[in-house]
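Asks: My structure is in structure_10.csv, and what it holds is CSV, C-alpha atoms and all ligand atoms:
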chain,number,residue,atom,x,y,z
A,1,MET,CA,17.1,-4.2,20.5
A,2,LEU,CA,17.5,-4.4,16.8
A,3,SER,CA,17.7,-7.5,14.7
A,4,LYS,CA,20.7,-8.2,12.4
A,5,ARG,CA,20.2,-6.8,9.0
A,6,LYS,CA,20.2,-9.1,6.0
A,7,THR,CA,23.0,-8.7,3.4
A,8,THR,CA,23.3,-9.6,-0.2
A,9,ILE,CA,26.1,-11.8,-1.4
A,10,ARG,CA,28.1,-8.7,-2.0
A,11,GLY,CA,27.6,-7.7,1.6
A,12,LYS,CA,25.2,-4.9,0.8
A,13,HIS,CA,22.6,-4.3,3.5
A,14,VAL,CA,19.0,-4.8,2.4
A,15,GLY,CA,16.1,-3.0,3.9
A,16,LYS,CA,15.8,-1.4,7.3
A,17,LYS,CA,16.7,-2.5,10.8
A,18,ILE,CA,13.7,-4.1,12.5
A,19,PRO,CA,13.1,-3.6,16.1
A,20,ARG,CA,12.2,-6.6,18.2
A,21,ILE,CA,9.0,-6.8,20.0
A,22,LYS,CA,7.0,-9.8,21.2
A,23,PRO,CA,4.6,-11.3,18.6
A,24,SER,CA,1.8,-11.0,21.1
A,25,ARG,CA,2.4,-7.3,21.4
A,26,ALA,CA,2.6,-7.0,17.6
A,27,ARG,CA,-0.7,-8.7,17.3
A,28,LYS,CA,-2.2,-6.4,19.9
A,29,ILE,CA,-1.0,-3.3,18.0
A,30,ILE,CA,-2.4,-4.6,14.7
A,31,ARG,CA,-5.8,-5.4,16.2
A,32,ARG,CA,-6.0,-1.9,17.7
A,33,PHE,CA,-5.2,-0.2,14.4
A,34,HIS,CA,-7.8,-2.3,12.6
A,35,LEU,CA,-10.3,-1.3,15.2
A,36,LEU,CA,-9.4,2.4,14.9
A,37,ILE,CA,-9.8,2.4,11.1
A,38,ASN,CA,-13.0,0.4,11.2
A,39,LYS,CA,-14.6,2.8,13.7
A,40,ARG,CA,-13.4,5.8,11.7
A,41,ARG,CA,-15.1,4.3,8.7
A,42,VAL,CA,-18.4,4.0,10.6
A,43,ILE,CA,-18.1,7.6,11.9
A,44,CYS,CA,-17.3,9.0,8.5
A,45,ARG,CA,-20.2,7.2,6.9
A,46,LYS,CA,-22.5,8.6,9.6
A,47,LEU,CA,-21.1,12.1,9.0
A,48,ASP,CA,-21.5,11.6,5.2
A,49,LEU,CA,-17.8,11.9,4.7
A,50,ALA,CA,-16.2,10.0,1.8
A,51,ILE,CA,-12.8,9.0,2.9
A,52,SER,CA,-10.4,6.4,1.7
A,53,ASP,CA,-8.5,4.3,4.2
A,54,ASN,CA,-5.9,4.0,1.5
A,55,ASP,CA,-4.3,7.4,1.7
A,56,GLU,CA,-3.8,8.8,5.2
A,57,ALA,CA,-2.8,12.3,4.1
A,58,THR,CA,-5.9,12.8,1.9
A,59,CYS,CA,-8.1,11.2,4.6
A,60,SER,CA,-6.8,13.6,7.2
A,61,ALA,CA,-7.3,16.6,4.9
A,62,THR,CA,-10.9,15.5,4.0
A,63,ILE,CA,-11.8,15.1,7.7
A,64,LEU,CA,-10.2,18.4,8.7
A,65,GLU,CA,-12.0,20.3,5.9
A,66,ALA,CA,-15.4,18.7,6.9
A,67,VAL,CA,-14.8,19.5,10.6
A,68,ASN,CA,-13.9,23.1,9.9
A,69,SER,CA,-16.8,23.7,7.4
A,70,GLY,CA,-19.3,22.1,9.8
A,71,ASN,CA,-18.1,24.2,12.8
A,72,LEU,CA,-17.2,21.1,14.6
A,73,GLN,CA,-13.6,22.0,15.4
A,74,LYS,CA,-14.3,22.3,19.2
A,75,PHE,CA,-15.4,18.7,19.4
A,76,TYR,CA,-12.7,17.4,17.2
A,77,GLU,CA,-10.0,19.1,19.3
A,78,GLU,CA,-11.6,17.9,22.6
A,79,GLY,CA,-11.3,14.3,21.3
A,80,TRP,CA,-7.8,15.0,20.0
A,81,LYS,CA,-6.6,16.4,23.3
A,82,GLU,CA,-8.3,13.8,25.5
A,83,ILE,CA,-6.1,12.0,28.0
A,84,ARG,CA,-5.5,8.4,26.9
A,85,PRO,CA,-6.9,5.9,27.4
A,86,SER,CA,-10.2,7.7,28.0
A,87,ASN,CA,-12.8,5.3,29.5
A,88,ASP,CA,-15.6,7.4,28.2
A,89,LEU,CA,-14.4,7.8,24.6
A,90,GLU,CA,-13.2,4.2,24.4
A,91,ALA,CA,-16.7,3.0,25.4
A,92,LYS,CA,-18.4,5.4,22.9
A,93,MET,CA,-16.0,4.3,20.2
A,94,LEU,CA,-17.0,0.7,20.7
A,95,SER,CA,-20.7,1.5,20.4
A,96,VAL,CA,-20.3,4.2,17.8
A,97,GLN,CA,-22.9,2.5,15.5
A,98,ASN,CA,-25.6,3.5,18.0
A,99,ILE,CA,-24.5,7.2,18.2
A,100,THR,CA,-26.1,9.8,16.0
A,101,ASP,CA,-25.1,13.0,17.7
A,102,LYS,CA,-22.6,14.9,15.4
A,103,SER,CA,-20.6,16.5,18.2
A,104,THR,CA,-20.0,13.1,19.9
A,105,LEU,CA,-19.1,11.5,16.6
A,106,THR,CA,-16.7,14.3,15.9
A,107,ARG,CA,-15.1,14.0,19.4
A,108,ILE,CA,-14.5,10.3,18.9
A,109,LEU,CA,-13.1,11.0,15.4
A,110,GLY,CA,-10.6,13.4,16.9
A,111,TYR,CA,-9.7,10.8,19.5
A,112,ILE,CA,-9.1,8.2,16.8
A,113,MET,CA,-7.2,10.5,14.4
A,114,CYS,CA,-4.9,11.7,17.2
A,115,GLU,CA,-4.0,8.1,18.1
A,116,ILE,CA,-3.4,7.2,14.4
A,117,HIS,CA,-1.2,10.2,13.7
A,118,GLU,CA,0.2,11.5,17.0
A,119,HIS,CA,0.4,8.5,19.3
A,120,GLY,CA,2.1,6.3,16.8
A,121,GLY,CA,-1.0,4.3,15.7
A,122,LEU,CA,0.0,4.1,12.1
A,123,LYS,CA,3.8,3.9,12.7
A,124,ASN,CA,3.4,1.2,15.3
A,125,TYR,CA,1.0,-0.7,13.1
A,126,GLN,CA,3.5,-0.7,10.2
A,127,MET,CA,6.4,-1.7,12.6
A,128,ALA,CA,4.2,-4.5,14.1
A,129,SER,CA,3.2,-5.8,10.7
A,130,THR,CA,6.8,-5.8,9.6
A,131,ILE,CA,7.8,-7.8,12.7
A,132,GLY,CA,4.9,-10.2,12.3
A,133,GLN,CA,6.2,-11.2,8.9
A,134,ASP,CA,9.9,-10.9,9.5
A,135,GLY,CA,11.9,-13.8,8.3
A,136,GLY,CA,13.5,-14.2,11.7
A,137,ARG,CA,10.1,-15.0,13.1
A,138,GLY,CA,9.2,-17.5,10.3
A,139,GLY,CA,6.3,-15.2,9.3
A,140,ASP,CA,7.4,-14.2,5.8
A,141,SER,CA,4.8,-15.7,3.6
A,142,SER,CA,6.9,-15.2,0.5
A,143,LYS,CA,9.1,-18.2,1.6
A,144,LEU,CA,6.3,-20.5,0.5
A,145,LEU,CA,5.8,-18.6,-2.7
A,146,VAL,CA,9.4,-19.0,-3.6
A,147,LYS,CA,9.4,-22.7,-2.6
A,148,TRP,CA,6.4,-23.3,-4.9
A,149,LEU,CA,7.9,-21.3,-7.8
A,150,ARG,CA,11.2,-23.3,-7.4
A,151,GLU,CA,9.2,-26.5,-7.9
A,152,LEU,CA,8.2,-25.3,-11.4
A,153,PRO,CA,10.0,-27.1,-14.3
A,154,THR,CA,11.4,-23.9,-15.6
A,155,LEU,CA,11.5,-20.2,-14.6
A,156,PRO,CA,11.6,-17.8,-17.4
A,157,SER,CA,14.4,-15.3,-17.7
A,158,ASP,CA,13.4,-11.7,-16.9
A,159,PHE,CA,11.1,-13.1,-14.1
A,160,ARG,CA,9.3,-10.1,-12.5
A,161,ALA,CA,7.2,-9.8,-9.4
A,162,LEU,CA,4.9,-7.2,-8.0
A,163,GLU,CA,4.5,-7.3,-4.2
A,164,ILE,CA,1.4,-5.5,-3.1
A,165,GLY,CA,1.3,-4.6,0.6
A,166,SER,CA,5.0,-4.9,0.9
A,167,LEU,CA,6.4,-4.2,4.4
A,168,SER,CA,10.0,-5.1,4.0
A,169,ALA,CA,12.6,-5.3,1.2
A,170,ARG,CA,14.1,-8.1,3.3
A,171,ASN,CA,11.3,-10.5,2.5
A,172,TYR,CA,12.3,-13.7,0.7
A,173,ILE,CA,10.6,-12.6,-2.4
A,174,SER,CA,13.3,-9.9,-2.7
A,175,THR,CA,16.3,-11.7,-1.3
A,176,SER,CA,15.9,-15.3,-2.8
A,177,GLY,CA,17.3,-14.3,-6.2
A,178,VAL,CA,14.4,-16.0,-8.0
A,179,PHE,CA,13.2,-12.8,-9.5
A,180,ASP,CA,15.1,-10.5,-11.8
A,181,GLN,CA,13.0,-7.6,-10.6
A,182,VAL,CA,10.6,-7.1,-7.6
A,183,VAL,CA,8.5,-4.0,-7.5
A,184,ARG,CA,7.2,-3.3,-4.0
A,185,ILE,CA,4.3,-1.1,-3.2
A,186,ASP,CA,2.3,-0.4,-0.1
A,187,LEU,CA,-0.4,2.2,0.8
A,188,ASN,CA,1.9,3.6,3.4
A,189,SER,CA,5.5,2.8,2.7
A,190,ASN,CA,7.7,2.4,5.8
A,191,ASP,CA,10.9,2.4,3.7
A,192,ALA,CA,10.7,5.0,0.9
A,193,ALA,CA,13.9,3.9,-0.7
A,194,ASN,CA,12.7,0.4,-1.3
A,195,ILE,CA,8.9,0.4,-1.2
A,196,GLN,CA,6.8,2.7,-3.3
A,197,SER,CA,3.9,4.4,-1.4
A,198,GLN,CA,1.0,3.5,-3.7
A,199,ASP,CA,-2.6,2.2,-3.7
A,200,PHE,CA,-2.6,-0.7,-6.1
A,201,MET,CA,-6.1,0.4,-7.1
A,202,GLN,CA,-4.6,3.7,-8.4
A,203,ARG,CA,-1.5,2.2,-10.0
A,204,PRO,CA,-1.6,3.2,-13.7
A,205,ILE,CA,-2.7,0.3,-15.9
A,206,PRO,CA,0.3,-0.9,-17.8
A,207,ASN,CA,0.8,0.1,-21.4
A,208,ASP,CA,2.7,-3.0,-22.5
A,209,ASP,CA,4.2,-6.2,-21.2
A,210,SER,CA,7.4,-4.5,-20.0
A,211,GLU,CA,5.3,-3.0,-17.3
A,212,ARG,CA,3.5,-6.2,-16.4
A,213,PHE,CA,4.5,-9.0,-14.1
A,214,ASP,CA,5.0,-12.8,-14.0
A,215,VAL,CA,4.0,-13.0,-10.4
A,216,ILE,CA,1.8,-10.8,-8.2
A,217,SER,CA,2.0,-11.3,-4.5
A,218,CYS,CA,-1.0,-10.2,-2.5
A,219,SER,CA,-0.3,-11.5,1.0
A,220,LEU,CA,-2.7,-10.5,3.8
A,221,VAL,CA,-3.9,-7.6,1.7
A,222,LEU,CA,-7.4,-8.6,0.6
A,223,ASN,CA,-8.6,-9.0,4.1
A,224,PHE,CA,-7.4,-5.4,4.7
A,225,VAL,CA,-9.5,-4.1,1.8
A,226,PRO,CA,-12.7,-2.7,3.4
A,227,SER,CA,-15.6,-4.0,1.4
A,228,PRO,CA,-16.5,-7.2,-0.6
A,229,LEU,CA,-16.9,-5.3,-3.8
A,230,GLU,CA,-13.6,-3.5,-3.4
A,231,ARG,CA,-11.9,-7.0,-2.8
A,232,GLY,CA,-13.5,-8.2,-6.0
A,233,ALA,CA,-12.3,-5.1,-7.9
A,234,MET,CA,-8.8,-5.8,-6.6
A,235,LEU,CA,-8.9,-9.4,-7.9
A,236,LYS,CA,-10.2,-8.2,-11.3
A,237,ARG,CA,-7.6,-5.5,-11.5
A,238,LEU,CA,-4.7,-8.0,-11.0
A,239,LEU,CA,-5.4,-9.3,-14.5
A,240,ALA,CA,-4.3,-6.1,-16.1
A,241,PHE,CA,-0.9,-6.4,-14.4
A,242,LEU,CA,-0.1,-10.0,-15.5
A,243,ARG,CA,2.2,-10.4,-18.5
A,244,ARG,CA,0.6,-11.4,-21.8
A,245,ASP,CA,3.8,-12.2,-23.6
A,246,VAL,CA,4.5,-15.4,-21.6
A,247,THR,CA,2.3,-18.5,-21.4
A,248,THR,CA,1.9,-18.6,-17.6
A,249,THR,CA,1.6,-16.1,-14.9
A,250,TYR,CA,0.9,-16.5,-11.1
A,251,VAL,CA,-1.0,-14.8,-8.4
A,252,PHE,CA,-0.1,-15.6,-4.8
A,253,ILE,CA,-2.9,-14.9,-2.3
A,254,VAL,CA,-2.6,-15.2,1.5
A,255,LEU,CA,-5.6,-14.8,3.7
A,256,PRO,CA,-6.2,-15.2,7.4
A,257,LEU,CA,-7.7,-18.7,7.8
A,258,PRO,CA,-10.9,-17.5,9.4
A,259,CYS,CA,-11.7,-15.6,6.2
A,260,ILE,CA,-12.4,-18.9,4.4
A,261,VAL,CA,-13.2,-21.3,7.2
A,262,HIS,CA,-15.1,-19.2,9.6
A,263,SER,CA,-17.1,-16.9,7.3
A,264,ARG,CA,-20.8,-17.0,6.7
A,265,TYR,CA,-20.3,-16.0,3.1
A,266,MET,CA,-17.0,-17.5,2.0
A,267,SER,CA,-15.4,-20.9,1.8
A,268,GLU,CA,-12.2,-22.1,0.2
A,269,SER,CA,-14.1,-23.6,-2.7
A,270,LEU,CA,-16.2,-20.5,-3.3
A,271,PHE,CA,-13.0,-18.4,-3.3
A,272,CYS,CA,-11.4,-20.7,-5.9
A,273,GLU,CA,-14.6,-20.6,-8.0
A,274,ILE,CA,-14.5,-16.8,-8.0
A,275,MET,CA,-10.8,-17.0,-9.0
A,276,ALA,CA,-11.6,-19.6,-11.7
A,277,TYR,CA,-14.3,-17.3,-13.0
A,278,LEU,CA,-11.7,-14.6,-13.4
A,279,GLY,CA,-9.5,-17.1,-15.3
A,280,TYR,CA,-7.2,-18.3,-12.6
A,281,THR,CA,-6.6,-22.0,-11.7
A,282,ARG,CA,-5.4,-22.9,-8.3
A,283,THR,CA,-2.2,-24.9,-8.4
A,284,GLN,CA,-1.1,-24.9,-4.8
A,285,TYR,CA,-2.8,-24.6,-1.5
A,286,TYR,CA,-1.5,-24.7,2.1
A,287,GLU,CA,-3.4,-24.3,5.3
A,288,ALA,CA,-1.4,-23.3,8.3
A,289,LYS,CA,-2.7,-22.9,11.8
A,290,LYS,CA,-4.0,-19.4,11.2
A,291,ILE,CA,-3.2,-18.6,7.5
A,292,ALA,CA,-4.3,-20.0,4.1
A,293,TYR,CA,-1.9,-19.7,1.2
A,294,PHE,CA,-3.0,-20.0,-2.4
A,295,LEU,CA,-1.0,-20.0,-5.7
A,296,PHE,CA,-3.1,-19.4,-8.8
A,297,GLU,CA,-2.0,-19.7,-12.3
A,298,LYS,CA,-3.2,-17.9,-15.3
A,299,THR,CA,-2.4,-19.4,-18.6
A,300,MET,CA,-2.4,-17.2,-21.7
A,301,ASN,CA,-5.3,-19.0,-23.4
A,302,ALA,CA,-7.4,-19.7,-20.3
A,303,PRO,CA,-10.9,-18.5,-20.8
A,304,ASP,CA,-11.5,-15.4,-18.9
A,305,THR,CA,-15.1,-16.2,-18.0
A,306,TYR,CA,-15.6,-12.9,-16.3
A,307,GLN,CA,-15.0,-10.9,-19.4
A,308,ARG,CA,-16.8,-13.3,-21.6
A,309,ASP,CA,-19.9,-13.5,-19.4
A,310,SER,CA,-20.1,-9.8,-18.9
A,311,GLN,CA,-20.2,-9.4,-22.6
A,312,LEU,CA,-22.9,-12.1,-22.9
A,313,VAL,CA,-24.7,-10.7,-19.9
A,314,ARG,CA,-25.0,-14.2,-18.3
A,315,ASP,CA,-26.3,-14.8,-14.9
A,316,THR,CA,-23.4,-14.0,-12.6
A,317,SER,CA,-25.4,-13.8,-9.4
A,318,LYS,CA,-23.3,-16.4,-7.7
A,319,PHE,CA,-20.4,-14.0,-7.6
A,320,THR,CA,-22.3,-10.7,-7.3
A,321,LYS,CA,-24.5,-11.5,-4.4
A,322,LYS,CA,-23.6,-12.6,-0.9
A,323,LEU,CA,-24.7,-16.2,-0.4
A,324,LEU,CA,-25.1,-17.6,3.1
A,325,ILE,CA,-22.9,-20.7,3.2
A,326,HIS,CA,-22.6,-21.3,6.9
A,327,ASP,CA,-24.8,-20.0,9.7
A,328,LYS,CA,-23.8,-20.4,13.3
A,329,PRO,CA,-22.8,-18.0,16.1
A,330,GLY,CA,-19.3,-16.7,16.1
A,331,LEU,CA,-18.8,-16.6,12.3
A,332,ASN,CA,-17.4,-13.5,10.5
A,333,ASN,CA,-18.8,-11.8,7.4
A,334,PHE,CA,-15.8,-11.9,5.1
A,335,SER,CA,-16.8,-12.1,1.5
A,336,VAL,CA,-15.7,-11.1,-2.0
A,337,LEU,CA,-18.1,-9.9,-4.7
A,338,LEU,CA,-17.5,-9.2,-8.3
B,401,LIG,C1,-1.5,-6.9,7.1
B,401,LIG,S1,-0.4,-6.1,6.1
B,401,LIG,C2,0.4,-7.5,5.3
B,401,LIG,C3,1.7,-7.2,4.8
B,401,LIG,C4,2.5,-8.4,4.2
B,401,LIG,N1,2.2,-8.5,2.8
B,401,LIG,C5,2.4,-9.7,5.0
B,401,LIG,O1,2.1,-10.7,4.3
B,401,LIG,O2,2.5,-9.8,6.2
B,401,LIG,C6,-1.4,-5.5,4.8
B,401,LIG,C7,-0.8,-4.4,4.0
B,401,LIG,O3,-1.5,-4.2,2.8
B,401,LIG,C8,-1.4,-2.9,2.4
B,401,LIG,N2,-2.5,-2.6,1.5
B,401,LIG,C9,-3.8,-2.8,1.7
B,401,LIG,N3,-4.5,-2.4,0.6
B,401,LIG,C10,-3.6,-2.0,-0.3
B,401,LIG,C11,-3.7,-1.4,-1.6
B,401,LIG,N4,-4.9,-1.1,-2.2
B,401,LIG,N5,-2.5,-1.1,-2.3
B,401,LIG,C12,-1.3,-1.3,-1.7
B,401,LIG,N6,-1.2,-1.8,-0.4
B,401,LIG,C13,-2.3,-2.1,0.2
B,401,LIG,C14,-1.6,-2.2,3.7
B,401,LIG,O4,-1.1,-0.8,3.7
B,401,LIG,C15,-0.8,-3.0,4.7
B,401,LIG,O5,0.5,-2.6,4.9
Spell out the structure here as structure tokens.
Ligand SMILES: C[S@@+](CC[C@H](N)C(=O)[O-])C[C@H]1O[C@@H](n2cnc3c(N)ncnc32)[C@H](O)[C@@H]1O

Replies:
Amino acid sequence: MLSKRKTTIRGKHVGKKIPRIKPSRARKIIRRFHLLINKRRVICRKLDLAISDNDEATCSATILEAVNSGNLQKFYEEGWKEIRPSNDLEAKMLSVQNITDKSTLTRILGYIMCEIHEHGGLKNYQMASTIGQDGGRGGDSSKLLVKWLRELPTLPSDFRALEIGSLSARNYISTSGVFDQVVRIDLNSNDAANIQSQDFMQRPIPNDDSERFDVISCSLVLNFVPSPLERGAMLKRLLAFLRRDVTTTYVFIVLPLPCIVHSRYMSESLFCEIMAYLGYTRTQYYEAKKIAYFLFEKTMNAPDTYQRDSQLVRDTSKFTKKLLIHDKPGLNNFSVLL
């Protein structure tokens, strides 16, 4: 069954039709995809293979080249052709950190890659993520962003937003009319006409303010970035994309709540300190049952401590080393390092 498509005032359809599936099923698909890419990352590390999760085409090509040059095709194909679900390979995948044998690692890799590319792993993940945040399900985080922005005394003309990790052109950020322009990017666009396939970390640095933005939305993206240093690099890089010809710009960050309330190395206050160090001031915060929403503001003349301190070579260890904040069983290891 397909949900009704949103229309603009002029009756033009926006975005693609979204299939309906239960949220519990969507969550299951998302969890499975994250498991597959995490395990793939571990295997590739063990096989000394530098891959980027951010570009499936290049990742596949790198893996295939390594498999062929290492004479491991037989094992890769065995895994690829395995009947699913395979009890044997599922169990091996779960304990892959203890496996050293190259042929077994390659077999599991084939099993994973086939699921991602041939059994709809990536496609279902994108569809499930889109459903999870579809407005009809009340999951579109940009509703809160727009609400917060509307509370500002004035909104400048030519108000522009960059949505990183965009899954739908039907999101409120695009349909609310608050922005004059919304640029939508995602690692793997599921709607080529409206969302550009692009890794934010590879997006060319703007030459001037016409290419920069008033607002950057980064909703449930940071937790998707594999390592603490890469998360820090993403936060730093946002700075280059914020306009300098206006007094105030904004960064909207949404994180799964456990990232800041159930992590050994992160807390809401440490996250805000990191952001403050980069020159952002938190102006809004909302904690829902499972999600934390932050709105940060960057004013033109706010000191950018990060740049200043790196020039002065001050002690930045608080933000460059993992600090154990909480220690009890069941916590996760989410952290951000600059
Ligand atoms: C869990 S989804 C969240 C989507 C949506 N923004 C939301 O709030 O529900 C995370 C998305 O971020 C995208 N993403 C992760 N890293 C990215 C990067 N470096 N550049 C662009 N998109 C990225 C992924 O491709 C994925 O579609």

Asks: For region 64-74 of chain A, list every protein, DNA or RNA residue within 8 Å, evaluated using only C-alpha atoms, and leave out those in the same chain fewer than 2 positions away; present the list as a PyMOL selection string.

Replies: chain A and resi 49+60-62+76-78+103+106

Asks: Between A:Phe179, A:Phe213, A:Phe33, A:Tyr172, which has the minimum distance to Ser129 (chain A) (counting all atoms listed in the file)?

Replies: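 Going through A:Phe179, A:Phe213, A:Phe33, A:Tyr172 one by one, the smallest distance to Ser129 (chain A) is for A:Phe33.
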
Asks: Counting all atoms listed in the file, what residues are within 6 Å of ligand LIG 401 (chain B), given as a PyMOL selection string?

Replies: chain A and resi 129+133+141+164-167+185-188+198-201+219-221+224-225

Asks: Print the selection's residues with C-alpha atoms to a file, as an mmCIF file, in the frame of the given file.

Replies:
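Output file result_13.cif follows:
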data_model
loop_
_atom_site.group_PDB
_atom_site.id
_atom_site.type_symbol
_atom_site.label_atom_id
_atom_site.label_comp_id
_atom_site.auth_asym_id
_atom_site.auth_seq_id
_atom_site.Cartn_x
_atom_site.Cartn_y
_atom_site.Cartn_z
ATOM 1 C CA SER A 129 3.200 -5.800 10.700
ATOM 2 C CA GLN A 133 6.200 -11.200 8.900
ATOM 3 C CA SER A 141 4.800 -15.700 3.600
ATOM 4 C CA ILE A 164 1.400 -5.500 -3.100
ATOM 5 C CA GLY A 165 1.300 -4.600 0.600
ATOM 6 C CA SER A 166 5.000 -4.900 0.900
ATOM 7 C CA LEU A 167 6.400 -4.200 4.400
ATOM 8 C CA ILE A 185 4.300 -1.100 -3.200
ATOM 9 C CA ASP A 186 2.300 -0.400 -0.100
ATOM 10 C CA LEU A 187 -0.400 2.200 0.800
ATOM 11 C CA ASN A 188 1.900 3.600 3.400
ATOM 12 C CA GLN A 198 1.000 3.500 -3.700
ATOM 13 C CA ASP A 199 -2.600 2.200 -3.700
ATOM 14 C CA PHE A 200 -2.600 -0.700 -6.100
ATOM 15 C CA MET A 201 -6.100 0.400 -7.100
ATOM 16 C CA SER A 219 -0.300 -11.500 1.000
ATOM 17 C CA LEU A 220 -2.700 -10.500 3.800
ATOM 18 C CA VAL A 221 -3.900 -7.600 1.700
ATOM 19 C CA PHE A 224 -7.400 -5.400 4.700
ATOM 20 C CA VAL A 225 -9.500 -4.100 1.800
#

Asks: Give me the residues within 10 Å of Met300 (chain A) as a list in words, counting all atoms listed in the file and dropping any in the same chain fewer than 6 places off.

Replies: Leu242, Arg243, Arg244, Asp245, Val246, Thr247, Thr248, Thr249 and Gly279 of chain A

Asks: Considering all atoms listed in the file, state which residue in the set A:Lys328, A:Lys298, A:Arg107, A:Lys321 is at the smallest distance from Leu229 (chain A).

Replies: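 Among the listed residues, A:Lys321 lies closest to Leu229 (chain A).
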
Asks: To one decimal place in Å, what is the distance between CA of Leu47 (chain A) and CA of Leu94 (chain A)?

Replies: 16.8 Å

Asks: How many Å separate CA of Leu105 (chain A) from CA of Ala57 (chain A)?

Replies: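 Between these atoms lies a distance of 20.6 Å.
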
Asks: Which distance in Å separates CA of Phe294 (chain A) and CA of Ile253 (chain A), to one decimal?

Replies: 5.1 Å

Asks: Give me, as a PyMOL selection string, all polymer residues having an atom no more than 9 Å from Ile51 (chain A), counting only C-alpha atoms and skipping those fewer than 5 positions away in the same chain.

Replies: chain A and resi 41+44-45+58-60+62-63

Asks: At a cut-off of 10 Å, using all atoms listed in the file, what residues contact Gly79 (chain A)? Leave out same-chain residues fewer than 6 positions from it and give the result as a list in words.

Replies: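 Residues near the query, excluding close chain neighbours: Gln73, Ser86, Leu89, Thr104, Leu105, Thr106, Arg107, Ile108, Leu109, Gly110, Tyr111, Ile112, Met113 and Cys114 of chain A.
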
Asks: With distances taken over all atoms listed in the file, which residue among A:Tyr286, A:Asp140, A:Leu270, A:Gly232 lies nearest Ser217 (chain A)?

Replies: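 The answer is A:Asp140, which sits nearest to Ser217 (chain A).
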
Asks: For Gly121 (chain A), please output as a PyMOL selection string all residues within 8 Å (counting only C-alpha atoms; exclusion window: fewer than 4 positions along the same chain).

Replies: chain A and resi 29+33+115-117+125
